[in-house]
Every structure is written in C-alpha cells, then in structure tokens.
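In what follows, a structure is listed as structure tokens, so that the remarks can point back to it.
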Amino acid sequence: LSDRPVPQEAIDRILDAAHRAPTASNRQEVSFTVITDPAILDKIIRFTLDTFAGIARKLENPFVKPLLKRLRPELYAYLPGFRRLIAEYGKGNDLILREAKTLILIHTPYANRFGAADANLAYQNGSLMAESLGVSQIYTGFVLSALAQDKKCKFLKSIGIQGKVHAGMALGMPLFLYPNYIDKKPIAINRI
C-alpha cells in the first residue's frame with residue numbers, strides 16, 4: 001500500500017454501501033467504527049500479536065503440550081504462522097493490517113443473534129464499493145481471531161466499542177493497480 005491516506009469521500013461511500021446491506025428481520029443494528037489514528041491502529045496490531053504470542057506460549061507449555069497435542073493436534077498447525085507474524089513485525093513488516101491507513105470495524109449489539117451474518121453482509125457491500133473506487137481492502141481475519149480470545153471484550157472497550165465485532169476491513173490506497181483479477185481455481189457450479 002502507498003503512504004497516501006484513503007480519501008474521506010471514499011471512506012464515506014464505502015460506509016454508505018456497507019450500511020445499506022440487508023439485515024435479519026430488518027433490525028438494522030450494524031454499527032461501524034472507523035479508525036485512522038496511527039497510534040490506535042498500532043495498538044490493534046500489538047493486541048493481535050500479543051494475543052497470538054500468548055496462545056503460542058500456552059501451546060508450547062511443557063506441562064500442557066503433551067495433552068493438547070493428543071486432544072487438539074490441529075491447534076499446532078497455527079504455531080508457525082504466529083511465529084512468522086511476530087517475527088515480521090519485529091523486522092518492521094506489518095502482516096496484520098498490511099500498513100493500512102484506515103480500519104473499519106463492523107459490530108452489532110451482543111444480543112443480536114444474527115450479528116455475524118449482518119456484519120459480514122455489510123462487509124461484502126463495503127468491500128465491493130472499495131474495489132469499485134480503487135481502494136485496496138483487506139479482510140482482518142487475524143484481528144477478528146484475536147478479538148475472539150478476549151471474552152470480556154476489554155480491548156474493544158478500551159478503544160470505545162460496545163458490542164461484538166464480527167468483521168473488519170483494512171483500507172489503503174494501492175501503489176499500483178492490477179489490470180486483471182487474481183488467479184482463481186475454476187468456478188464450481190452445481191446445476192440442478
């Protein structure tokens with residue numbers, strides 16, 4: 001991504017598109033938090049990496065490891081990724097938000113049963129708008145994974161968010177534009 005900030009007009013259009021997504025029972029309880037403050041963006045990156053480091057320490061604990069390796073061996077597939085994210089950040093490479101200048105967190109009240117679906121529909125609309133405006137966007141799966149570990153939502157409350165974050169979109173202006181879409185496997189269609 002370039003060092004240029006995302007234009008406010010583009011952010012507003014992305015938010016408007018996300019806001020217009022359908023919601024279950026037309027409840028319209030999806031909220032958006034837009035973060036452009038570099039210190040808060042870095043706080044989110046560090047929270048994510050600290051969470052992953054904590055998980056890695058638990059998985060590598062010599063007292064717990066023999067049992068967990070037997071009961072939940074799939075957890076150990078994440079360790080190399082956690083180590084890489086942490087090491088790259090130490091070298092100055094942000095693999096969490098990828099140097100994004102804007103982060104949109106999409107959230108709903110805790111009691112909303114369909115919050116995840118509603119927020120991800122909003123994300124999808126916003127993502128399509130970002131693409132049409134030439135704004136790069138990244139789904140923030142690492143951040144969402146870390147937030148899921150914060151059961152009491154202390155971190156979210158520390159940055160002023162009430163509710164549950166279900167989706168996030170990191171935005172930045174691209175250094176260059178690709179003339180084609182990324183390569184994908186052939187489309188799988190089942191026609192009945």
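Here's how to read the names in the structure tokens: chain A, B, ... by the order shown, residue numbers from 1 in each chain, ligand numbers from 1 in the order shown.
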Going by DSSP on the backbone, which residues of chain A come out as helix (DSSP H, G or I)? List them as a ChimeraX atom specification. /A:8-19,24-26,38-60,65-71,73-77,79-90,115-133,141-149,154-158
Contacts of segment 39-52 of chain A at 8 Å (only C-alpha atoms; same-chain gap of 6+ positions) as a ChimeraX atom specification: /A:82,85-86,94,96-97,103,142-143,146-147,149,155,159
Point out the residue among A:Asn93, A:Leu68, A:Leu175, A:Gly126 with the least atom-to-atom distance to Ile11 of chain A, counting only C-alpha atoms. A:Gly126
Let's see if you can do this: from backbone DSSP, list all strand (DSSP E) residues in chain A, as a count of residues only. 25
Considering only C-alpha atoms, return as a PyMOL selection string whatever protein or nucleic-acid residues lie within 8 Å of Leu144 of chain A, sequence-local ones (same chain, fewer than 2 positions apart) excluded. chain A and resi 140-142+146-148+165-168
Can you spit out the residues from that selection as a PDB file, in the first residue's frame, using all heavy atoms?
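For reference, result_33.pdb as written:
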ATOM      1  N   THR A 140      -9.852  -8.483   7.854  1.00  0.00           N
ATOM      2  CA  THR A 140      -8.965  -8.523   9.019  1.00  0.00           C
ATOM      3  C   THR A 140      -9.169  -9.783   9.867  1.00  0.00           C
ATOM      4  O   THR A 140      -9.471  -9.701  11.050  1.00  0.00           O
ATOM      5  CB  THR A 140      -9.159  -7.264   9.876  1.00  0.00           C
ATOM      6  OG1 THR A 140     -10.534  -7.204  10.270  1.00  0.00           O
ATOM      7  CG2 THR A 140      -8.798  -6.013   9.114  1.00  0.00           C
ATOM      8  N   GLY A 141      -8.959 -10.919   9.256  1.00  0.00           N
ATOM      9  CA  GLY A 141      -9.165 -12.184   9.953  1.00  0.00           C
ATOM     10  C   GLY A 141      -8.279 -12.368  11.175  1.00  0.00           C
ATOM     11  O   GLY A 141      -8.720 -12.903  12.193  1.00  0.00           O
ATOM     12  N   PHE A 142      -7.017 -11.904  11.098  1.00  0.00           N
ATOM     13  CA  PHE A 142      -6.130 -12.035  12.258  1.00  0.00           C
ATOM     14  C   PHE A 142      -6.670 -11.233  13.442  1.00  0.00           C
ATOM     15  O   PHE A 142      -6.681 -11.715  14.580  1.00  0.00           O
ATOM     16  CB  PHE A 142      -4.713 -11.552  11.928  1.00  0.00           C
ATOM     17  CG  PHE A 142      -3.962 -12.437  10.977  1.00  0.00           C
ATOM     18  CD1 PHE A 142      -3.236 -11.883   9.940  1.00  0.00           C
ATOM     19  CD2 PHE A 142      -3.950 -13.815  11.116  1.00  0.00           C
ATOM     20  CE1 PHE A 142      -2.516 -12.689   9.065  1.00  0.00           C
ATOM     21  CE2 PHE A 142      -3.248 -14.632  10.253  1.00  0.00           C
ATOM     22  CZ  PHE A 142      -2.524 -14.061   9.210  1.00  0.00           C
ATOM     23  N   ALA A 146      -8.012 -12.696  17.131  1.00  0.00           N
ATOM     24  CA  ALA A 146      -7.508 -12.226  18.426  1.00  0.00           C
ATOM     25  C   ALA A 146      -8.649 -11.696  19.286  1.00  0.00           C
ATOM     26  O   ALA A 146      -8.713 -11.985  20.492  1.00  0.00           O
ATOM     27  CB  ALA A 146      -6.446 -11.151  18.216  1.00  0.00           C
ATOM     28  N   LEU A 147      -9.558 -10.932  18.687  1.00  0.00           N
ATOM     29  CA  LEU A 147     -10.691 -10.401  19.457  1.00  0.00           C
ATOM     30  C   LEU A 147     -11.563 -11.520  20.028  1.00  0.00           C
ATOM     31  O   LEU A 147     -12.120 -11.376  21.119  1.00  0.00           O
ATOM     32  CB  LEU A 147     -11.542  -9.471  18.585  1.00  0.00           C
ATOM     33  CG  LEU A 147     -10.915  -8.129  18.234  1.00  0.00           C
ATOM     34  CD1 LEU A 147     -11.784  -7.387  17.226  1.00  0.00           C
ATOM     35  CD2 LEU A 147     -10.677  -7.279  19.480  1.00  0.00           C
ATOM     36  N   ALA A 148     -11.662 -12.626  19.318  1.00  0.00           N
ATOM     37  CA  ALA A 148     -12.455 -13.757  19.800  1.00  0.00           C
ATOM     38  C   ALA A 148     -11.885 -14.347  21.087  1.00  0.00           C
ATOM     39  O   ALA A 148     -12.602 -14.976  21.871  1.00  0.00           O
ATOM     40  CB  ALA A 148     -12.546 -14.837  18.727  1.00  0.00           C
ATOM     41  N   VAL A 165     -17.580  -7.308  17.591  1.00  0.00           N
ATOM     42  CA  VAL A 165     -17.057  -7.083  16.247  1.00  0.00           C
ATOM     43  C   VAL A 165     -17.107  -8.405  15.490  1.00  0.00           C
ATOM     44  O   VAL A 165     -16.583  -9.412  15.954  1.00  0.00           O
ATOM     45  CB  VAL A 165     -15.617  -6.529  16.293  1.00  0.00           C
ATOM     46  CG1 VAL A 165     -15.014  -6.473  14.898  1.00  0.00           C
ATOM     47  CG2 VAL A 165     -15.597  -5.148  16.928  1.00  0.00           C
ATOM     48  N   HIS A 166     -17.746  -8.367  14.327  1.00  0.00           N
ATOM     49  CA  HIS A 166     -17.886  -9.575  13.505  1.00  0.00           C
ATOM     50  C   HIS A 166     -17.080  -9.513  12.215  1.00  0.00           C
ATOM     51  O   HIS A 166     -16.865 -10.535  11.575  1.00  0.00           O
ATOM     52  CB  HIS A 166     -19.348  -9.792  13.122  1.00  0.00           C
ATOM     53  CG  HIS A 166     -20.262  -9.942  14.271  1.00  0.00           C
ATOM     54  ND1 HIS A 166     -20.373 -11.106  14.998  1.00  0.00           N
ATOM     55  CD2 HIS A 166     -21.129  -9.075  14.840  1.00  0.00           C
ATOM     56  CE1 HIS A 166     -21.276 -10.951  15.953  1.00  0.00           C
ATOM     57  NE2 HIS A 166     -21.743  -9.725  15.874  1.00  0.00           N
ATOM     58  N   ALA A 167     -16.694  -8.311  11.800  1.00  0.00           N
ATOM     59  CA  ALA A 167     -15.959  -8.161  10.544  1.00  0.00           C
ATOM     60  C   ALA A 167     -15.109  -6.904  10.628  1.00  0.00           C
ATOM     61  O   ALA A 167     -15.410  -5.995  11.408  1.00  0.00           O
ATOM     62  CB  ALA A 167     -16.922  -8.075   9.356  1.00  0.00           C
ATOM     63  N   GLY A 168     -14.079  -6.886   9.832  1.00  0.00           N
ATOM     64  CA  GLY A 168     -13.220  -5.714   9.780  1.00  0.00           C
ATOM     65  C   GLY A 168     -12.606  -5.581   8.402  1.00  0.00           C
ATOM     66  O   GLY A 168     -12.329  -6.577   7.735  1.00  0.00           O
TER      67      GLY A 168
END
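In this comparison, which uses only C-alpha atoms, the residue of A:Met169, A:Ala17, A:Gln8, A:Gln28 approaching Asn125 of chain A most closely is A:Ala17.
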Could you name the residues that touch Thr23 of chain A at 12 Å or less, counting only C-alpha atoms, but leaving out those on the same chain fewer than 6 positions away, as JSON, numbers by chain? {"A": [29, 30, 31, 108, 112, 113, 114, 115, 116, 117, 118, 119, 120, 121, 122, 123]}
